[in-house]
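Pasting upload.cif here (mmCIF, C-alpha atoms):
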data_run
loop_
_atom_site.label_atom_id
_atom_site.label_comp_id
_atom_site.auth_asym_id
_atom_site.auth_seq_id
_atom_site.Cartn_x
_atom_site.Cartn_y
_atom_site.Cartn_z
CA MET A 1378 0.00 0.00 0.00
CA PHE A 1379 2.78 2.35 1.03
CA GLU A 1380 4.83 1.45 -2.05
CA ARG A 1381 1.89 2.17 -4.34
CA ARG A 1382 1.32 5.57 -2.73
CA GLN A 1383 4.99 6.39 -3.05
CA PHE A 1384 4.99 5.29 -6.67
CA ILE A 1385 1.98 7.55 -7.45
CA LYS A 1386 3.63 10.45 -5.62
CA LYS A 1387 6.90 9.97 -7.51
CA SER A 1388 5.08 9.63 -10.81
CA ALA A 1389 3.19 12.86 -10.15
CA VAL A 1390 6.43 14.69 -9.33
CA TRP A 1391 8.21 13.38 -12.45
CA GLY A 1392 5.13 14.05 -14.55
CA GLY A 1393 5.15 17.63 -13.27
CA TYR A 1394 8.82 17.97 -14.20
CA ALA A 1395 8.15 16.58 -17.68
CA LEU A 1396 5.19 18.91 -18.18
CA GLY A 1397 7.25 21.88 -16.99
CA ALA A 1398 10.08 20.91 -19.32
CA VAL A 1399 7.69 20.72 -22.29
CA ALA A 1400 5.95 23.98 -21.30
CA LEU A 1401 9.31 25.75 -21.15
CA GLY A 1402 11.05 23.77 -23.87
CA PHE A 1403 8.48 24.32 -26.61
CA PRO A 1404 8.68 28.16 -26.57
CA VAL A 1405 12.47 27.97 -26.28
CA PHE A 1406 12.66 25.55 -29.21
CA SER A 1407 10.28 27.72 -31.27
CA PHE A 1408 12.27 30.86 -30.43
CA VAL A 1409 15.60 29.30 -31.25
CA GLY A 1410 14.32 27.57 -34.38
CA PHE A 1411 12.81 30.68 -35.90
CA ARG A 1412 14.56 31.97 -38.96
CA LYS A 1413 13.72 35.12 -40.82
CA ILE A 1414 14.24 34.53 -44.50
CA SER A 1415 15.26 37.61 -46.40
CA GLU A 1416 16.00 38.16 -50.05
CA LYS A 1417 19.03 39.72 -51.60
CA LYS A 1418 19.06 41.29 -55.04
CA ILE A 1419 22.20 40.70 -57.09
CA THR A 1420 22.91 42.68 -60.24
CA PHE A 1421 25.38 41.75 -62.96
CA PRO A 1422 26.47 44.71 -65.13
CA PRO A 1423 26.29 44.36 -68.94
CA ASP A 1424 30.07 43.89 -69.33
CA ALA A 1425 29.86 40.72 -67.22
CA HIS A 1426 27.65 38.97 -69.75
CA HIS A 1427 30.42 38.01 -72.15
CA ALA A 1428 32.19 35.50 -69.90
CA ALA A 1429 30.96 31.88 -69.73
CA ALA A 1430 30.40 32.11 -65.97
CA ASN A 1431 30.36 35.12 -63.68
CA TYR A 1432 30.40 34.88 -59.92
CA LYS A 1433 28.98 37.44 -57.51
CA GLU A 1434 27.95 37.05 -53.87
CA GLY A 1435 26.96 33.40 -53.99
CA VAL A 1436 25.46 33.44 -57.51
CA TYR A 1437 26.81 32.27 -60.87
CA LEU A 1438 25.51 33.90 -64.02
CA ILE A 1439 25.92 31.53 -66.93
CA SER A 1440 25.64 32.84 -70.44
CA SER A 1441 24.89 30.51 -73.31
CA LYS A 1442 23.44 30.85 -76.80
CA ASP A 1443 19.98 30.37 -75.30
CA GLY A 1444 20.36 33.32 -72.94
CA PHE A 1445 21.25 33.70 -69.29
CA GLN A 1446 20.87 31.38 -66.37
CA ALA A 1447 21.49 32.25 -62.71
CA LEU A 1448 22.57 29.45 -60.38
CA SER A 1449 23.08 29.44 -56.64
CA ALA A 1450 26.73 28.68 -55.88
CA LYS A 1451 25.73 26.81 -52.74
CA CYS A 1452 26.39 23.08 -53.02
CA PRO A 1453 23.13 21.22 -52.20
CA HIS A 1454 25.12 18.64 -50.21
CA LEU A 1455 26.40 20.65 -47.24
CA GLY A 1456 26.48 24.26 -48.38
CA CYS A 1457 30.05 24.93 -49.57
CA THR A 1458 30.50 27.36 -52.46
CA VAL A 1459 31.15 25.51 -55.71
CA ASN A 1460 33.94 26.60 -58.10
CA PHE A 1461 33.51 26.90 -61.85
CA ASP A 1462 36.29 25.17 -63.71
CA ALA A 1463 36.35 26.62 -67.22
CA VAL A 1464 38.53 23.90 -68.80
CA PRO A 1465 36.21 20.92 -68.43
CA GLY A 1466 33.34 23.41 -68.13
CA GLU A 1467 31.88 22.16 -64.87
CA PHE A 1468 31.15 23.21 -61.30
CA LYS A 1469 33.10 21.45 -58.58
CA CYS A 1470 32.59 21.51 -54.81
CA PRO A 1471 35.94 22.00 -53.01
CA CYS A 1472 34.72 20.28 -49.82
CA HIS A 1473 33.39 16.88 -50.87
CA GLY A 1474 34.01 16.81 -54.62
CA SER A 1475 30.51 16.90 -56.12
CA THR A 1476 30.46 18.00 -59.77
CA PHE A 1477 27.73 19.71 -61.82
CA ASP A 1478 27.49 20.51 -65.53
CA PRO A 1479 27.34 24.17 -66.72
CA SER A 1480 23.54 24.17 -66.46
CA GLY A 1481 23.82 23.15 -62.78
CA LYS A 1482 22.80 19.53 -63.30
CA TRP A 1483 24.35 17.07 -60.85
CA MET A 1484 27.00 14.82 -62.42
CA SER A 1485 28.84 13.06 -59.60
CA GLY A 1486 29.61 13.11 -55.88
CA PRO A 1487 27.51 13.08 -52.72
CA ALA A 1488 25.24 16.07 -53.55
CA ARG A 1489 22.74 14.07 -55.69
CA GLN A 1490 20.76 17.26 -56.46
CA ASN A 1491 21.12 20.00 -59.03
CA LEU A 1492 22.34 23.49 -58.19
CA GLN A 1493 19.40 25.75 -57.39
CA GLU A 1494 18.27 27.81 -60.36
CA LEU A 1495 17.38 31.43 -59.59
CA PRO A 1496 14.99 33.76 -61.42
CA VAL A 1497 16.65 36.09 -63.93
CA LYS A 1498 15.40 39.50 -65.08
CA LYS A 1499 16.99 41.73 -67.68
CA ASN A 1500 16.71 45.45 -66.90
CA PRO A 1501 16.27 48.10 -69.65
CA ASN A 1502 19.84 49.33 -69.01
CA GLY A 1503 21.19 45.85 -69.82
CA ASP A 1504 21.82 44.73 -66.21
CA ILE A 1505 20.91 41.18 -65.32
CA GLU A 1506 19.17 40.95 -61.97
CA THR A 1507 18.57 37.93 -59.78
CA VAL A 1508 17.26 37.35 -56.29
CA ILE A 1509 18.69 34.93 -53.72
CA LYS A 1510 17.19 33.90 -50.41
CA ILE A 1511 19.50 34.23 -47.40
CA MET B 1224 45.81 -11.04 -13.20
CA ILE B 1225 49.19 -9.98 -11.81
CA GLU B 1226 49.15 -7.01 -14.12
CA GLU B 1227 45.77 -5.94 -12.81
CA TRP B 1228 46.90 -6.15 -9.19
CA ASP B 1229 50.05 -4.19 -9.96
CA LEU B 1230 47.94 -1.56 -11.58
CA LEU B 1231 45.57 -1.47 -8.65
CA PHE B 1232 48.34 -0.93 -6.15
CA ALA B 1233 50.28 1.51 -8.28
CA ASN B 1234 47.35 3.70 -9.22
CA LYS B 1235 44.77 3.65 -6.49
CA PRO B 1236 42.10 6.30 -6.90
CA GLY B 1237 43.10 9.32 -4.90
CA ASN B 1238 46.82 8.57 -5.10
CA SER B 1239 48.84 10.44 -7.63
CA ILE B 1240 49.55 8.31 -10.68
CA SER B 1241 53.14 7.22 -10.40
CA THR B 1242 55.28 7.98 -13.45
CA GLY B 1243 55.30 8.02 -17.23
CA ILE B 1244 52.89 9.51 -19.71
CA SER B 1245 50.06 9.91 -17.20
CA SER B 1246 52.27 11.89 -14.88
CA TYR B 1247 54.11 14.34 -17.12
CA LEU B 1248 51.84 14.97 -20.08
CA PRO B 1249 48.80 16.26 -18.14
CA ARG B 1250 51.05 18.69 -16.26
CA LEU B 1251 52.47 19.88 -19.55
CA GLY B 1252 48.87 20.13 -20.73
CA LEU B 1253 48.01 22.33 -17.80
CA SER B 1254 50.65 24.88 -18.79
CA ALA B 1255 49.26 24.76 -22.35
CA LEU B 1256 45.75 25.35 -21.02
CA PHE B 1257 46.92 28.26 -18.89
CA LEU B 1258 48.72 29.92 -21.83
CA CYS B 1259 45.75 29.24 -24.10
CA LEU B 1260 43.37 31.00 -21.70
CA LEU B 1261 45.78 33.89 -21.18
CA SER B 1262 46.42 34.46 -24.89
CA GLY B 1263 42.69 34.05 -25.56
CA VAL B 1264 41.88 36.84 -23.11
CA VAL B 1265 44.42 39.10 -24.84
CA LEU B 1266 42.97 38.31 -28.29
CA THR B 1267 39.39 39.13 -27.21
CA PHE B 1268 40.42 42.79 -26.86
CA TYR B 1269 40.76 43.09 -30.63
CA TYR B 1270 38.77 40.20 -32.11
CA ARG B 1271 35.21 41.02 -33.25
CA PRO B 1272 32.87 38.22 -34.35
CA MET B 1273 30.75 40.54 -36.54
CA GLY B 1274 31.38 42.22 -39.90
CA ASN B 1275 34.46 41.24 -41.87
CA VAL B 1276 35.93 38.65 -39.52
CA PHE B 1277 38.67 37.60 -41.95
CA GLN B 1278 39.95 41.17 -42.18
CA ASN B 1279 39.82 41.46 -38.40
CA VAL B 1280 41.93 38.30 -37.99
CA GLU B 1281 44.39 39.48 -40.64
CA GLU B 1282 44.72 42.80 -38.80
CA ILE B 1283 45.48 40.94 -35.59
CA THR B 1284 48.15 38.92 -37.40
CA THR B 1285 49.77 41.70 -39.41
CA LEU B 1286 48.88 45.09 -37.91
CA VAL B 1287 48.35 44.86 -34.15
CA PRO B 1288 51.67 44.83 -32.21
CA TYR B 1289 52.53 41.25 -31.17
CA GLY B 1290 49.19 40.08 -32.57
CA TRP B 1291 50.95 37.34 -34.56
CA PHE B 1292 52.61 36.14 -31.37
CA PHE B 1293 49.40 35.92 -29.31
CA ARG B 1294 47.49 34.30 -32.16
CA GLN B 1295 50.17 31.67 -32.69
CA LEU B 1296 50.50 31.10 -28.95
CA HIS B 1297 46.74 30.68 -28.63
CA PHE B 1298 46.64 28.26 -31.56
CA ALA B 1299 49.64 26.18 -30.48
CA SER B 1300 48.69 25.99 -26.79
CA GLY B 1301 45.08 25.05 -27.60
CA GLN B 1302 46.16 22.31 -30.01
CA LEU B 1303 48.78 21.01 -27.59
CA PHE B 1304 46.33 20.90 -24.69
CA VAL B 1305 43.78 18.90 -26.68
CA ILE B 1306 46.40 16.53 -28.13
CA LEU B 1307 47.82 15.89 -24.64
CA MET B 1308 44.35 15.32 -23.29
CA LEU B 1309 43.69 12.86 -26.10
CA ILE B 1310 46.93 11.02 -25.28
CA HIS B 1311 45.93 11.03 -21.60
CA ALA B 1312 42.56 9.46 -22.47
CA ILE B 1313 44.19 6.90 -24.79
CA ASP B 1314 46.65 6.01 -22.04
CA HIS B 1315 43.80 5.52 -19.56
CA PHE B 1316 41.96 3.40 -22.11
CA HIS B 1317 45.03 1.33 -23.02
CA GLN B 1318 45.88 0.64 -19.35
CA LYS B 1319 42.18 -0.03 -18.64
CA ARG B 1320 42.30 2.40 -15.73
CA TYR B 1321 38.56 2.97 -16.05
CA ARG B 1322 38.31 -0.28 -14.03
CA LEU B 1323 39.96 1.36 -11.05
CA TYR B 1324 38.21 4.71 -10.90
CA PRO B 1325 34.53 5.49 -10.34
CA VAL B 1326 32.57 5.20 -13.62
CA GLY B 1327 31.74 8.91 -13.63
CA GLN B 1328 35.41 9.91 -13.72
CA TRP B 1329 36.05 8.15 -17.03
CA GLN B 1330 32.86 9.62 -18.49
CA ARG B 1331 33.82 13.10 -17.29
CA LEU B 1332 37.22 12.72 -19.00
CA ILE B 1333 35.64 11.66 -22.30
CA VAL B 1334 32.96 14.38 -22.20
CA SER B 1335 35.55 17.08 -21.44
CA LEU B 1336 37.72 15.73 -24.29
CA CYS B 1337 34.75 16.06 -26.66
CA LEU B 1338 34.15 19.61 -25.43
CA CYS B 1339 37.83 20.37 -26.03
CA PHE B 1340 37.51 19.18 -29.63
CA TYR B 1341 34.41 21.31 -30.02
CA THR B 1342 36.36 24.30 -28.68
CA LEU B 1343 39.07 23.66 -31.29
CA PHE B 1344 36.38 23.43 -33.94
CA THR B 1345 34.81 26.76 -32.96
CA GLY B 1346 38.30 28.27 -33.00
CA PHE B 1347 38.75 26.92 -36.53
CA ILE B 1348 35.49 28.63 -37.56
CA LEU B 1349 36.46 31.91 -35.88
CA LYS B 1350 39.47 32.35 -38.19
CA GLY B 1351 36.86 33.65 -40.62
CA ASP B 1352 38.77 32.43 -43.67
CA LYS B 1353 37.41 30.16 -46.40
CA GLU B 1354 38.06 26.98 -44.39
CA GLY B 1355 36.38 28.42 -41.31
CA LEU B 1356 33.42 29.70 -43.29
CA PHE B 1357 32.88 26.34 -45.00
CA ALA B 1358 33.30 24.46 -41.71
CA ALA B 1359 30.58 26.68 -40.21
CA ARG B 1360 28.22 26.08 -43.13
CA ILE B 1361 28.87 22.33 -43.18
CA SER B 1362 28.26 21.94 -39.44
CA MET B 1363 25.08 24.03 -39.74
CA ASN B 1364 23.78 21.88 -42.60
CA ILE B 1365 24.73 18.59 -40.91
CA ALA B 1366 22.85 19.55 -37.74
CA GLY B 1367 19.98 20.92 -39.84
CA ASN B 1368 19.68 17.58 -41.67
CA ILE B 1369 18.62 15.72 -38.51
CA PRO B 1370 14.93 14.89 -39.01
CA SER B 1371 12.36 17.10 -37.14
CA VAL B 1372 14.68 18.61 -34.51
CA GLY B 1373 17.64 19.47 -36.76
CA GLU B 1374 16.82 23.12 -37.49
CA PRO B 1375 16.29 24.24 -33.86
CA ILE B 1376 19.32 22.22 -32.73
CA SER B 1377 21.56 23.79 -35.34
CA ARG B 1378 20.33 27.26 -34.27
CA LEU B 1379 21.57 26.53 -30.75
CA PHE B 1380 25.13 26.39 -32.06
CA ILE B 1381 25.29 28.50 -35.17
CA LEU B 1382 23.13 31.04 -37.00
CA PRO B 1383 23.18 31.71 -40.74
CA GLY B 1384 23.79 35.14 -42.21
CA GLU B 1385 25.45 38.15 -40.57
CA GLY B 1386 25.74 36.57 -37.14
CA LEU B 1387 27.43 33.37 -38.37
CA PHE B 1388 30.42 33.79 -36.06
CA PHE B 1389 28.60 35.10 -33.02
CA LEU B 1390 27.42 31.83 -31.42
CA PRO B 1391 30.70 29.96 -32.10
CA TYR B 1392 32.42 32.97 -30.48
CA LEU B 1393 30.21 32.74 -27.38
CA TYR B 1394 30.86 29.02 -27.10
CA HIS B 1395 34.59 29.38 -27.75
CA CYS B 1396 35.18 32.21 -25.31
CA PHE B 1397 32.70 31.59 -22.52
CA PHE B 1398 30.54 28.46 -22.33
CA LEU B 1399 33.09 25.83 -23.34
CA PRO B 1400 36.14 27.05 -21.34
CA ILE B 1401 34.01 27.43 -18.22
CA LEU B 1402 32.50 23.97 -18.67
CA ILE B 1403 35.87 22.35 -19.38
CA LEU B 1404 37.50 24.02 -16.37
CA TYR B 1405 34.63 22.85 -14.21
CA LEU B 1406 34.89 19.26 -15.45
CA ILE B 1407 38.64 19.00 -14.97
CA ARG B 1408 38.79 21.05 -11.74
CA THR B 1409 40.02 18.15 -9.60
CA HIS B 1410 42.77 17.39 -12.10
CA ILE B 1411 43.93 21.01 -12.11
CA ARG B 1412 44.25 20.97 -8.32
CA LYS B 1413 46.27 17.78 -8.56
CA TRP B 1414 48.52 18.83 -11.42
CA PHE B 1415 49.28 22.38 -10.43
CA PRO B 1416 51.88 21.81 -7.68
CA LYS B 1417 54.54 20.56 -10.15
CA HIS B 1418 55.93 23.92 -11.16
CA GLY B 1419 58.98 22.68 -13.09
CA ILE B 1420 57.05 20.98 -15.90
CA PHE B 1421 54.56 23.84 -15.94
CA TYR B 1422 57.23 26.49 -16.58
CA ALA B 1423 59.12 24.32 -19.05
CA GLY B 1424 55.94 23.82 -21.09
CA ALA B 1425 55.12 27.52 -21.02
CA ALA B 1426 58.64 28.45 -22.14
CA GLY B 1427 58.54 25.90 -24.98
CA LEU B 1428 55.21 27.19 -26.25
CA CYS B 1429 56.36 30.81 -26.12
CA LEU B 1430 59.48 29.90 -28.12
CA TYR B 1431 57.31 28.08 -30.67
CA ALA B 1432 55.02 31.11 -31.02
CA LEU B 1433 58.04 33.40 -31.41
CA PHE B 1434 59.81 31.42 -34.12
CA VAL B 1435 57.10 29.57 -36.05
CA LYS B 1436 54.98 31.73 -38.31
CA PRO B 1437 51.17 31.26 -38.36
CA PHE B 1438 49.60 29.37 -41.28
CA VAL B 1439 48.48 31.48 -44.20
CA ASP B 1440 44.69 31.96 -44.17
CA ILE B 1441 42.67 31.55 -47.37
CA PRO B 1442 40.53 34.65 -48.10
CA PRO B 1443 36.78 33.80 -48.18
CA ASP B 1444 36.44 34.85 -51.83
CA ALA B 1445 39.50 32.96 -53.09
CA PHE B 1446 39.02 30.04 -55.46
CA VAL B 1447 40.79 26.92 -54.22
CA ALA B 1448 40.47 23.42 -55.63
CA SER B 1449 40.11 21.65 -52.29
CA VAL B 1450 39.22 22.84 -48.80
CA LYS B 1451 40.16 20.85 -45.72
CA GLY B 1452 38.48 20.83 -42.34
CA PRO B 1453 40.31 20.71 -39.00
CA TRP B 1454 42.68 17.73 -38.63
CA PHE B 1455 40.41 15.76 -36.31
CA PHE B 1456 37.49 15.99 -38.78
CA LEU B 1457 39.47 14.96 -41.87
CA GLY B 1458 38.28 11.36 -41.47
CA ILE B 1459 34.66 12.46 -41.31
CA GLN B 1460 35.25 14.77 -44.31
CA THR B 1461 36.41 11.70 -46.26
CA LEU B 1462 33.40 9.66 -45.12
CA LEU B 1463 31.07 12.49 -46.16
CA LYS B 1464 32.12 11.94 -49.76
CA THR B 1465 30.50 8.54 -49.87
CA LEU B 1466 28.07 8.19 -46.95
CA PRO B 1467 24.92 10.16 -46.13
CA ALA B 1468 25.76 13.22 -44.00
CA THR B 1469 23.76 12.20 -40.91
CA LEU B 1470 25.22 8.70 -40.90
CA ALA B 1471 28.85 9.80 -41.39
CA SER B 1472 28.90 12.76 -39.06
CA ILE B 1473 26.29 12.04 -36.38
CA VAL B 1474 25.26 8.37 -36.16
CA PHE B 1475 28.73 6.78 -36.43
CA PRO B 1476 30.53 9.24 -34.09
CA ALA B 1477 27.64 9.00 -31.58
CA LEU B 1478 27.79 5.19 -31.64
CA PHE B 1479 31.55 5.23 -31.12
CA LEU B 1480 31.26 7.73 -28.29
CA GLY B 1481 28.44 5.73 -26.72
CA CYS B 1482 30.60 2.57 -26.76
CA VAL B 1483 33.53 4.44 -25.16
CA LEU B 1484 31.28 5.90 -22.45
CA VAL B 1485 29.49 2.66 -21.64
CA LEU B 1486 32.63 0.49 -21.37
CA PRO B 1487 33.27 0.96 -17.59
CA ASN B 1488 29.58 0.33 -16.88
CA LEU B 1489 29.89 -3.08 -18.52
CA GLU B 1490 33.03 -3.84 -16.54
CA LYS B 1491 31.44 -2.93 -13.26
CA ALA B 1492 27.88 -4.14 -13.82
CA GLY B 1493 27.00 -6.87 -11.36
CA GLY B 1494 25.08 -9.75 -12.92
CA LYS B 1495 22.79 -12.07 -10.95
CA SER B 1496 25.17 -14.95 -11.38
CA GLY B 1497 28.82 -15.53 -12.03
CA VAL B 1498 27.94 -16.65 -15.57
CA GLU B 1499 26.17 -13.33 -16.23
CA LYS B 1500 29.13 -11.38 -14.87
CA GLY B 1501 31.51 -13.41 -17.00
CA GLY B 1502 29.33 -12.71 -20.05
CA LEU B 1503 29.48 -8.98 -19.45
CA ARG B 1504 33.27 -9.19 -19.06
CA ILE B 1505 33.54 -10.94 -22.43
CA ILE B 1506 31.32 -8.31 -24.07
CA SER B 1507 33.42 -5.53 -22.59
CA ARG B 1508 36.63 -7.20 -23.80
CA TYR B 1509 35.28 -7.39 -27.37
CA LEU B 1510 33.95 -3.85 -27.15
CA HIS B 1511 37.42 -2.71 -26.07
CA ARG B 1512 38.92 -4.37 -29.16
CA LEU B 1513 36.24 -2.91 -31.40
CA ILE B 1514 36.95 0.61 -30.09
CA VAL B 1515 40.68 0.12 -30.75
CA LEU B 1516 39.95 -1.12 -34.30
CA VAL B 1517 37.61 1.77 -35.12
CA PHE B 1518 40.07 4.28 -33.65
CA PHE B 1519 42.91 2.92 -35.81
CA LEU B 1520 40.74 2.92 -38.92
CA TYR B 1521 39.76 6.54 -38.25
CA ALA B 1522 43.40 7.47 -37.62
CA LEU B 1523 44.34 5.87 -40.97
CA LEU B 1524 41.56 7.76 -42.72
CA THR B 1525 42.79 10.99 -41.12
CA PHE B 1526 46.40 10.38 -42.25
CA LYS B 1527 45.23 9.56 -45.74
CA ALA B 1528 43.17 12.75 -45.90
CA ALA B 1529 45.99 14.86 -44.43
CA PHE B 1530 48.61 13.76 -46.96
CA TRP B 1531 46.64 12.80 -50.06
CA GLY B 1532 43.52 14.92 -49.63
CA PRO B 1533 40.10 13.98 -48.23
#

Would it be possible to restate this file's structure as C-alpha cells?
Amino acid sequence: MFERRQFIKKSAVWGGYALGAVALGFPVFSFVGFRKISEKKITFPPDAHHAAANYKEGVYLISSKDGFQALSAKCPHLGCTVNFDAVPGEFKCPCHGSTFDPSGKWMSGPARQNLQELPVKKNPNGDIETVIKI
Amino acid sequence: MIEEWDLLFANKPGNSISTGISSYLPRLGLSALFLCLLSGVVLTFYYRPMGNVFQNVEEITTLVPYGWFFRQLHFASGQLFVILMLIHAIDHFHQKRYRLYPVGQWQRLIVSLCLCFYTLFTGFILKGDKEGLFAARISMNIAGNIPSVGEPISRLFILPGEGLFFLPYLYHCFFLPILILYLIRTHIRKWFPKHGIFYAGAAGLCLYALFVKPFVDIPPDAFVASVKGPWFFLGIQTLLKTLPATLASIVFPALFLGCVLVLPNLEKAGGKSGVEKGGLRIISRYLHRLIVLVFFLYALLTFKAAFWGP
C-alpha cells in the first residue's frame, strides 16, 4: 500500500517535471528555431555577360546561346561554395568533390541534387538581376 | 591477473599516478591550457565576431603589435592541450584504468575531451577564412539535416547570415572554457603543484610562437580546388564523400562515443550470477577491441586525408 502511494507520488512529481520541461522547452525551441528569410538582389552589369560564368555574392551567371541562367553557388550537399572550372566546363565543390554541368545539373559526388536555379530578369539598361534567399 | 593487481596498487584512486605519460603529459597540458586562456583573453580585446571577420583576424596577425605572437600562442597551446588530453585518455583506455576509478570519472574525461575538440572546432570557424566559413556552413547543414529537430538544434550552435560567427564565439570564449575548467577542476588541483614541468611547457610554447609563423589563411572569396576541415574531422570529411551526412557525421561518431562511455559500466555491472558477470566481461573485452579497431581505422583515414587529400 505504502509502495503504491509512493509510486503515485513519484510519478506525479516526475510528470510535473516533464510537463514543466515541455511547457518551457516548446517556446524555447520555437524561439531558437525561428529563422527570418530575407531576399538579396544581385545585379550583374552588362560587361559581365560576355564571360561563360560570372560569380557574384553566392550566384553564378551563366551565359549561353539560349540566354542567361542564374545558379546558386551553394552546393546542395552541405552548403560549400562551388567553383567553376572553365577547362572541363563544370562546377566542382571544393569540400566533398561533387560536380555539376554548366547548367547546374548534378553529375557526380555526394550532392545528388542540381544546383538551385534562380529567377533572372533583364533590366532596360542591360543589367541582369537575380534574387537569392539568405 | 598480476598485471591488474600491480595496476591497482600503483594507481589507487586518490593517489597520484606514479610515473610516465600519465604523470608528465597532463602537467604539460596544464601549462598549455593556462597559456591558451591567457592568450585568448588578450585576443578578445581586438577580435570582433561581426562584420568582416577575416579582415579582423588578418589585422590581428599583421597590424596589431605582437598580434601574430598571441594568435600563434593561442593556436599552439590550444592544439597542444587537446592533443595531450587525447593522449591522456588513450593512455587511460590502453591501461584499462577505467576499471579502477569510479565510472563517472572516465565519463567526465571523455565528455571534457569532446568539449575540447568542439572548442578547437569553434576556434577553426572563428578564423573567418574560407576553411572556417565552410566548416561553419557544413556543421550548420549537418545539424539541420537531422529529421524534425535538426533546425532548432543547429540554431543553438550556429546562426546563418550576418551573425554566423557570433554563437561559435560565445561558445569558444565563454561556455566551453568554463564547462571544461569545471569538469577538470580536480585534475587542475592535482597537477598544479609541479611547477617545473609547468614552466618548461610555457617556455617551450612561447618559443614556438616566437619562431614559427602562423599558417596562411585563405581569403573567403579565393578560389581553391580543395578545402580541408580541422585535422580531427578529416576522417569524417572523407566519409562524407560517400556516406549520407547524418550517418557519417552524427550516427557513427555518436555510436563510437556511446561505446567508449558505456565500457566501464559493462566492466562494473554486477550480474545475478557468475555466468552473467563473465558474459558482461567478455562483451566488454570485445567492445574494447572494437573501439581500438575503429580508432585505428579513423586514424588511418585521417592520415590519408591529411597527406593525399580527403

(request) Would you translate the PyMOL selection byres ((chain A and resi 1439-1455) around 9) into the concrete set of residues it matches in this file, as a PyMOL selection string? (result) (chain A and resi 1426-1432+1434-1438+1456-1460+1468-1470+1472-1473+1475+1479-1481+1487-1497+1505+1507+1509) or (chain B and resi 1357+1360-1365+1468)

Residues at most 9 Å from B:Ile1283, counting all atoms listed in the file, excluding those fewer than 6 positions away in the same chain, as a PDB file with C-alpha atoms, in the coordinates of the input?
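What landed in result_38.pdb:
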ATOM      1  CA  LEU B1266      42.970  38.310 -28.290  1.00  0.00           C
ATOM      2  CA  TYR B1269      40.760  43.090 -30.630  1.00  0.00           C
ATOM      3  CA  TYR B1270      38.770  40.200 -32.110  1.00  0.00           C
ATOM      4  CA  TYR B1289      52.530  41.250 -31.170  1.00  0.00           C
ATOM      5  CA  GLY B1290      49.190  40.080 -32.570  1.00  0.00           C
ATOM      6  CA  TRP B1291      50.950  37.340 -34.560  1.00  0.00           C
ATOM      7  CA  PHE B1293      49.400  35.920 -29.310  1.00  0.00           C
ATOM      8  CA  ARG B1294      47.490  34.300 -32.160  1.00  0.00           C
TER       9      ARG B1294
END

(message) Residues near A:Lys1413, anyone? I mean within 12 Å using all atoms listed in the file, not counting same-chain ones fewer than 3 positions away, as an NGL selection string.
(response) (:A and (1408-1410 or 1416 or 1510-1511)) or (:B and (1382-1384))

(request) Mind checking which residues fall within 10 Å of B:Val1264, counting only C-alpha atoms, ignoring those fewer than 4 positions away in the same chain, and posting them as a VMD selection string? (result) chain B and resid 1258 to 1260 1268 to 1269 1293 1297 1396

(request) Just the residues within 9 Å of B:Ala1529, please, counting only C-alpha atoms, with nothing from its chain fewer than 2 positions along; format it as a PyMOL selection string. (result) chain B and resi 1451+1454+1457-1458+1524-1527+1531-1533

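Nearest to B:Pro1400 of all the residues B:Leu1486, B:Leu1510, B:Leu1256, B:Val1435 is B:Leu1256, based on only C-alpha atoms.
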
(request) For B:Val1483, list every protein, DNA or RNA residue within 9 Å, evaluated using only C-alpha atoms, and leave out those in the same chain fewer than 2 positions away; present the list as a PyMOL selection string. (result) chain B and resi 1330+1333+1478-1481+1485-1487+1510-1511+1514

(request) Run the PyMOL selection byres ((chain B) within 12 of (chain A)) against the file shown and list the residues it catches, as a PyMOL selection string. (result) chain B and resi 1353-1368+1371-1385+1443-1452+1457-1469+1471-1472+1528+1532-1533
